[in-house]
Every structure is written in structure tokens, then in C-alpha cells.
$ cat upload24.tsv   # TSV, C-alpha atoms
chain	number	residue	atom	x	y	z
A	266	MET	CA	47.14	170.87	60.48
A	267	SER	CA	46.97	173.86	58.15
A	268	GLN	CA	48.01	176.16	61.02
A	269	VAL	CA	51.08	174.02	61.65
A	270	LYS	CA	52.00	174.03	57.96
A	271	GLN	CA	51.61	177.81	57.83
A	272	VAL	CA	53.80	178.28	60.92
A	273	VAL	CA	56.49	175.96	59.54
A	274	GLN	CA	56.64	177.75	56.21
A	275	GLU	CA	56.77	181.18	57.85
A	276	ARG	CA	59.38	180.20	60.43
A	277	THR	CA	61.73	178.06	58.35
A	278	ARG	CA	61.16	179.26	54.79
A	279	ARG	CA	61.11	175.57	53.82
A	280	ARG	CA	58.37	173.26	52.72
A	281	ALA	CA	57.23	170.58	55.10
A	282	ASP	CA	55.72	167.31	53.96
A	283	LYS	CA	52.45	166.09	55.45
A	284	ALA	CA	54.15	163.63	57.79
A	285	ALA	CA	56.36	166.42	59.21
A	286	CYS	CA	53.33	168.63	59.91
A	287	ILE	CA	51.59	165.73	61.63
A	288	ALA	CA	54.73	165.00	63.68
A	289	ILE	CA	55.09	168.65	64.75
A	290	ALA	CA	51.42	168.78	65.78
A	291	GLU	CA	51.80	165.56	67.79
A	292	ALA	CA	54.94	166.82	69.53
A	293	ALA	CA	53.17	170.03	70.53
A	294	GLN	CA	50.14	168.10	71.70
A	295	ALA	CA	52.30	165.71	73.75
A	296	LEU	CA	53.81	168.73	75.53
A	297	LEU	CA	50.36	170.21	76.11
A	298	VAL	CA	49.00	166.90	77.46
A	299	ALA	CA	51.91	166.62	79.91
A	300	LEU	CA	51.45	170.21	81.05
A	301	VAL	CA	47.66	170.02	81.42
A	302	SER	CA	47.83	166.66	83.20
A	303	GLY	CA	50.41	167.99	85.65
A	304	ALA	CA	48.42	171.17	86.26
A	305	ALA	CA	45.17	169.20	86.70
A	306	GLU	CA	46.90	167.03	89.30
A	307	GLU	CA	48.08	170.17	91.12
A	308	ALA	CA	44.52	171.57	90.98
A	309	ARG	CA	43.04	168.34	92.37
A	310	ARG	CA	45.59	168.26	95.18
A	311	GLY	CA	44.51	171.76	96.15
A	312	GLY	CA	40.81	170.97	95.79
A	313	ALA	CA	40.30	173.46	92.93
A	314	ALA	CA	37.66	172.95	90.24
A	315	ARG	CA	39.61	174.96	87.65
A	316	ILE	CA	43.22	175.03	86.56
A	317	LEU	CA	44.74	178.36	87.55
A	318	PRO	CA	48.01	179.92	86.34
A	319	TRP	CA	49.57	178.90	89.66
A	320	HIS	CA	48.86	175.23	88.85
A	321	ILE	CA	50.55	175.57	85.46
A	322	GLY	CA	53.56	177.14	87.15
A	323	ARG	CA	53.76	174.28	89.64
A	324	ALA	CA	53.53	171.72	86.82
A	325	VAL	CA	56.36	173.41	84.92
A	326	GLN	CA	58.53	173.35	88.06
A	327	SER	CA	58.55	169.54	88.01
A	328	ALA	CA	61.84	167.83	87.15
A	329	GLU	CA	60.31	166.37	84.00
A	330	PHE	CA	59.88	169.82	82.48
A	331	ARG	CA	62.92	171.57	83.91
A	332	SER	CA	65.29	168.98	82.46
A	333	SER	CA	64.15	169.65	78.87
A	334	PRO	CA	66.00	172.22	76.72
A	335	PHE	CA	62.60	173.30	75.35
A	336	PHE	CA	61.64	174.81	78.71
A	337	THR	CA	65.06	176.39	79.18
A	338	LYS	CA	64.64	178.20	75.85
A	339	THR	CA	61.04	179.15	76.61
A	340	THR	CA	62.01	180.53	80.03
A	341	ALA	CA	64.87	182.53	78.47
A	342	ARG	CA	62.51	183.99	75.86
A	343	ALA	CA	60.01	184.90	78.56
A	344	ALA	CA	62.74	186.67	80.54
A	345	ASP	CA	63.74	188.59	77.41
A	346	GLY	CA	60.11	189.47	76.74
A	347	THR	CA	60.26	187.81	73.31
A	348	SER	CA	57.56	185.23	73.93
A	349	GLY	CA	53.89	185.58	74.79
A	350	SER	CA	54.33	183.69	78.04
A	351	THR	CA	52.08	185.77	80.23
A	352	VAL	CA	48.38	186.18	79.69
A	353	LYS	CA	48.79	189.94	79.28
A	354	GLU	CA	51.53	189.47	76.64
A	355	ALA	CA	49.45	186.82	74.85
A	356	ARG	CA	46.46	189.18	74.69
A	357	ARG	CA	48.64	192.04	73.47
A	358	ALA	CA	50.15	189.82	70.76
A	359	ALA	CA	46.68	188.61	69.75
A	360	ARG	CA	45.42	192.19	69.46
A	361	ALA	CA	48.46	193.21	67.38
A	362	ALA	CA	48.04	190.20	65.10
A	363	ARG	CA	44.37	191.07	64.59
A	364	LEU	CA	45.31	194.62	63.64
A	365	ASP	CA	48.01	193.38	61.26
A	366	GLY	CA	45.42	191.20	59.51
A	367	HIS	CA	46.98	187.82	60.26
A	368	VAL	CA	44.78	184.87	59.39
A	369	LYS	CA	44.03	183.38	62.79
A	370	VAL	CA	44.84	184.92	66.13
A	371	ASN	CA	44.37	181.96	68.44
A	372	PRO	CA	44.74	178.91	66.17
A	373	PHE	CA	45.20	176.33	68.91
A	374	ARG	CA	42.31	177.33	71.18
A	375	SER	CA	40.12	174.34	70.34
A	376	LEU	CA	43.10	171.97	70.79
A	377	VAL	CA	43.74	173.42	74.25
A	378	LYS	CA	40.10	173.03	75.28
A	379	ARG	CA	39.85	169.45	73.93
A	380	THR	CA	43.08	168.46	75.65
A	381	ALA	CA	41.99	169.96	78.97
A	382	ARG	CA	38.72	168.03	78.83
A	383	ALA	CA	40.32	164.77	77.74
A	384	HIS	CA	43.44	164.71	79.91
A	385	GLY	CA	42.76	166.95	82.86
A	386	ASN	CA	38.99	166.79	83.19
A	387	VAL	CA	39.26	170.23	84.78
A	388	ALA	CA	37.90	173.53	83.46
A	389	LEU	CA	40.19	176.30	82.23
A	390	THR	CA	39.66	180.02	82.64
A	391	ALA	CA	39.46	182.01	79.39
A	392	PRO	CA	42.78	183.83	79.95
A	393	LEU	CA	44.45	180.50	80.63
A	394	VAL	CA	43.14	179.11	77.33
A	395	VAL	CA	44.84	182.06	75.60
A	396	ALA	CA	48.07	181.48	77.52
A	397	LEU	CA	48.10	177.73	76.80
A	398	SER	CA	47.37	178.42	73.14
A	399	ALA	CA	50.44	180.69	73.13
A	400	PHE	CA	52.37	177.83	74.77
A	401	VAL	CA	51.32	175.45	71.96
A	402	LEU	CA	52.32	178.04	69.37
A	403	GLU	CA	55.71	178.38	71.08
A	404	ALA	CA	56.10	174.58	71.01
A	405	VAL	CA	55.24	174.46	67.30
A	406	ASN	CA	57.66	177.34	66.65
A	407	GLN	CA	60.56	175.71	68.49
A	408	VAL	CA	60.03	172.27	66.95
A	409	ALA	CA	59.67	173.83	63.49
A	410	ASP	CA	62.82	175.94	63.94
A	411	THR	CA	64.87	172.98	65.18
A	412	ALA	CA	63.51	170.71	62.43
A	413	GLY	CA	64.35	173.40	59.88
A	414	GLU	CA	67.92	173.53	61.22
A	415	ALA	CA	68.14	169.74	60.93
A	416	ALA	CA	66.89	169.94	57.33
A	417	ALA	CA	69.44	172.65	56.55
A	418	LYS	CA	72.26	170.52	57.95
A	419	SER	CA	71.29	167.69	55.64
A	420	ASP	CA	70.82	170.07	52.66
A	421	ALA	CA	67.17	169.06	52.35
A	422	THR	CA	64.68	171.49	50.85
A	423	THR	CA	61.72	169.81	52.54
A	424	ILE	CA	61.31	169.14	56.25
A	425	THR	CA	60.44	165.50	56.90
A	426	ALA	CA	59.22	163.54	59.91
A	427	ASP	CA	62.81	162.40	60.55
A	428	HIS	CA	63.85	166.05	60.93
A	429	VAL	CA	61.02	166.51	63.42
A	430	ARG	CA	62.15	163.44	65.38
A	431	THR	CA	65.63	164.97	65.52
A	432	ALA	CA	64.12	168.23	66.80
A	433	VAL	CA	62.13	166.43	69.50
A	434	THR	CA	65.26	164.56	70.57
A	435	ASP	CA	67.16	167.88	70.81
A	436	LEU	CA	64.40	169.79	72.63
A	437	LEU	CA	62.95	167.26	75.05
A	438	ALA	CA	64.45	164.94	77.63
A	439	GLY	CA	63.50	161.83	79.57
A	440	ASP	CA	59.93	160.65	79.78
A	441	LEU	CA	58.64	163.74	77.97
A	442	GLN	CA	60.83	162.93	74.97
A	443	ALA	CA	59.77	159.27	75.00
A	444	ARG	CA	56.07	160.19	75.13
A	445	ALA	CA	56.41	162.69	72.28
A	446	LEU	CA	58.32	160.25	70.06
A	447	THR	CA	55.82	157.47	70.83
A	448	ALA	CA	52.91	159.77	69.95
A	449	ILE	CA	54.60	160.84	66.71
A	450	ASP	CA	55.32	157.25	65.67
A	451	ALA	CA	51.79	156.09	66.53
A	452	VAL	CA	50.08	158.81	64.52
A	453	LEU	CA	52.42	158.35	61.54
A	454	VAL	CA	51.75	154.60	61.50
A	455	ALA	CA	48.01	155.24	61.70
A	456	GLU	CA	48.26	157.83	58.92
A	457	ALA	CA	50.24	155.45	56.70
A	458	ALA	CA	47.69	152.68	57.28
A	459	GLY	CA	44.82	155.04	56.41
A	460	GLU	CA	46.27	156.14	53.06
$ encode --input "upload24.tsv" --output "C-alpha cells"
Amino acid sequence: MSQVKQVVQERTRRRADKAACIAIAEAAQALLVALVSGAAEEARRGGAARILPWHIGRAVQSAEFRSSPFFTKTTARAADGTSGSTVKEARRAARAARLDGHVKVNPFRSLVKRTARAHGNVALTAPLVVALSAFVLEAVNQVADTAGEAAAKSDATTITADHVRTAVTDLLAGDLQARALTAIDAVLVAEAAGE
């Protein structure tokens, strides 16, 4: 949660309330779950014991992912070389961040590993963990940027969960959007009940 809050503040120069940080984390996790589940299915079809980059590529080629503006933007950034989409770029970015003294180089590594175990039940190679962590960071960045734009349009100084819902609606399509919004709503209800 603290990593998400840090990313939001750095990217948008706005504060984000707790519910917004939770919503951004859930949206990113919903994307990761869909990607890992699709890649695990591809791996099983091919009889592989581990998810390989090829399986991730096949999962992203599905209509569910290609129809979402999030993946169009991510693909465009990868073509421009502005995102850490390849394993080599992710490692290079991690090394540069370490040298610059940034707090945490691979903040979503444990999330990626937990998600792979829970939703794919397939092992990941170490370079793939780095690449998927970069994918989660890209998801957090895009949702935070779009939520920040939504907050700016409404002249709000703080990003709220409603701004995040707007961002998810803008970035995702179809079943992927429905799953992300359902996950956000469920965790926010559980959080409200726990307070």
C-alpha cells in the first residue's frame, strides 16, 4: 500500500486518500491476476511447468487484453522504449534506480509471486518475476495518472476511489473492466466494514 501511495504522489503531485490507494492496488492486481491466469492456461496447454515469456505474450494477444486502452498505451510505450516492458529493460531500470538511491527497486515482487501461486499455480522464472513486477508498476502508473487527470478535471486536490473507478473505466474494457471494478468495490466494502 505504501508503494502505491508513493507512486501516486510522485506521478500526480496530488494526495490520494486511503480508499484510492486501495482501489489502485486492486485494479493493478486484477490486471495481474488476469494476465497470470491466461499465461498459466497457455503453459498448461503446452505442458510446461513454468510460465515463460512466450506464454505471457500469448495471454496478452487474447481479445480481452487487446480491446483495453491500457494495453494499447502499454504497447505504444514499449515501442517507444519508454516502458520497462522487456526483461532486459526492466533489469536496466532496476539497476539505474538502485544507483540513484530510490527506496525500493522491485516493490511488487512479492505480489507477483503470491498471485502466480494463487491464480496460476505455476512457477515463474526470476526474470519473469522482474518483468511482471514492471507490468504491475506500469498498471499502477497508468491508473494513477488517469485518476489524477480525473481529479484535476473535477478541481479536487485529493484523488479518491471515485477517480480511480473513472480511470479503470477509461483504461479497461469488457470483462477485464468488470472484474477490476468488482474487485475494487469488494475490497472497499470490506475495508469500510473493518474500520
$ closest_atom_pairs --input "upload24.tsv" --of "range 382-428 of chain A" --to "range 285-296 of chain A" --cutoff "8 Å" --atoms "only C-alpha atoms" --output "CSV"
residue,atom,partner,partner_atom,distance
A:Val401,CA,A:Ala293,CA,5.9
A:Ala404,CA,A:Ala293,CA,5.4
A:Val405,CA,A:Ala293,CA,5.9
A:Val408,CA,A:Ile289,CA,6.5
A:Ala409,CA,A:Ile289,CA,7.0
A:Ile424,CA,A:Ala285,CA,6.4
A:Thr425,CA,A:Ala285,CA,4.8
A:Ala426,CA,A:Ala285,CA,4.1
A:Asp427,CA,A:Ala285,CA,7.7
A:His428,CA,A:Ala285,CA,7.7
$ write_last_selection --input "upload24.tsv" --atoms "C-alpha atoms" --output "mmCIF file, in the frame of the given file"
data_model
loop_
_atom_site.group_PDB
_atom_site.id
_atom_site.type_symbol
_atom_site.label_atom_id
_atom_site.label_comp_id
_atom_site.auth_asym_id
_atom_site.auth_seq_id
_atom_site.Cartn_x
_atom_site.Cartn_y
_atom_site.Cartn_z
ATOM 1 C CA VAL A 401 51.320 175.450 71.960
ATOM 2 C CA ALA A 404 56.100 174.580 71.010
ATOM 3 C CA VAL A 405 55.240 174.460 67.300
ATOM 4 C CA VAL A 408 60.030 172.270 66.950
ATOM 5 C CA ALA A 409 59.670 173.830 63.490
ATOM 6 C CA ILE A 424 61.310 169.140 56.250
ATOM 7 C CA THR A 425 60.440 165.500 56.900
ATOM 8 C CA ALA A 426 59.220 163.540 59.910
ATOM 9 C CA ASP A 427 62.810 162.400 60.550
ATOM 10 C CA HIS A 428 63.850 166.050 60.930
#
$ atom_distance --input "upload24.tsv" --atom1 "CA of Ala304 in chain A" --atom2 "CA of Asp435 in chain A"
24.5 Å
$ closest_residue --input "upload24.tsv" --among "A:Val272, A:Ala328, A:Ala284, A:Val298" --to "Asn386 in chain A" --atoms "all atoms listed in the file"
A:Val298
$ closest_residue --input "upload24.tsv" --among "A:Val433, A:Leu441, A:Ala281, A:Ala324" --to "Ala308 in chain A" --atoms "all atoms listed in the file"
A:Ala324
$ residues_around --input "upload24.tsv" --residues "Phe335 in chain A" --least-positions-apart "4" --cutoff "9 Å" --atoms "all atoms listed in the file" --output "list in words"
Phe330, Arg331, Thr339, Thr340, Ala404, Gln407, Val408, Asp435, Leu436, Leu437 and Ala438 of chain A
$ closest_residue --input "upload24.tsv" --among "A:Phe373, A:Arg315, A:Ala457, A:Val301" --to "Leu389 in chain A" --atoms "only C-alpha atoms"
A:Arg315
$ atom_distance --input "upload24.tsv" --atom1 "CA of Ala458 in chain A" --atom2 "CA of Lys270 in chain A"
21.8 Å
$ atom_distance --input "upload24.tsv" --atom1 "CA of Ser302 in chain A" --atom2 "CA of Leu402 in chain A"
18.5 Å
$ residues_around --input "upload24.tsv" --residues "range 316-322 of chain A" --least-positions-apart "4" --cutoff "10 Å" --atoms "only C-alpha atoms" --output "number ranges by chain"
A: 300-311, 326-327, 351-352, 381, 385-390, 392-393, 396-397
$ closest_residue --input "upload24.tsv" --among "A:Asp420, A:Leu297, A:Ser375, A:Lys283" --to "Glu403 in chain A" --atoms "all atoms listed in the file"
A:Leu297
$ axis_aligned_box --input "upload24.tsv" --around "range 436-439 of chain A" --padding-each-side "3 Å" --output "JSON"
{"center_x": 63.7, "center_y": 165.8, "center_z": 76.1, "size_x": 7.5, "size_y": 14.0, "size_z": 12.9}
$ closest_residue --input "upload24.tsv" --among "A:Ala383, A:Ala432, A:Ala299, A:Ala399" --to "Glu414 in chain A" --atoms "all atoms listed in the file"
A:Ala432
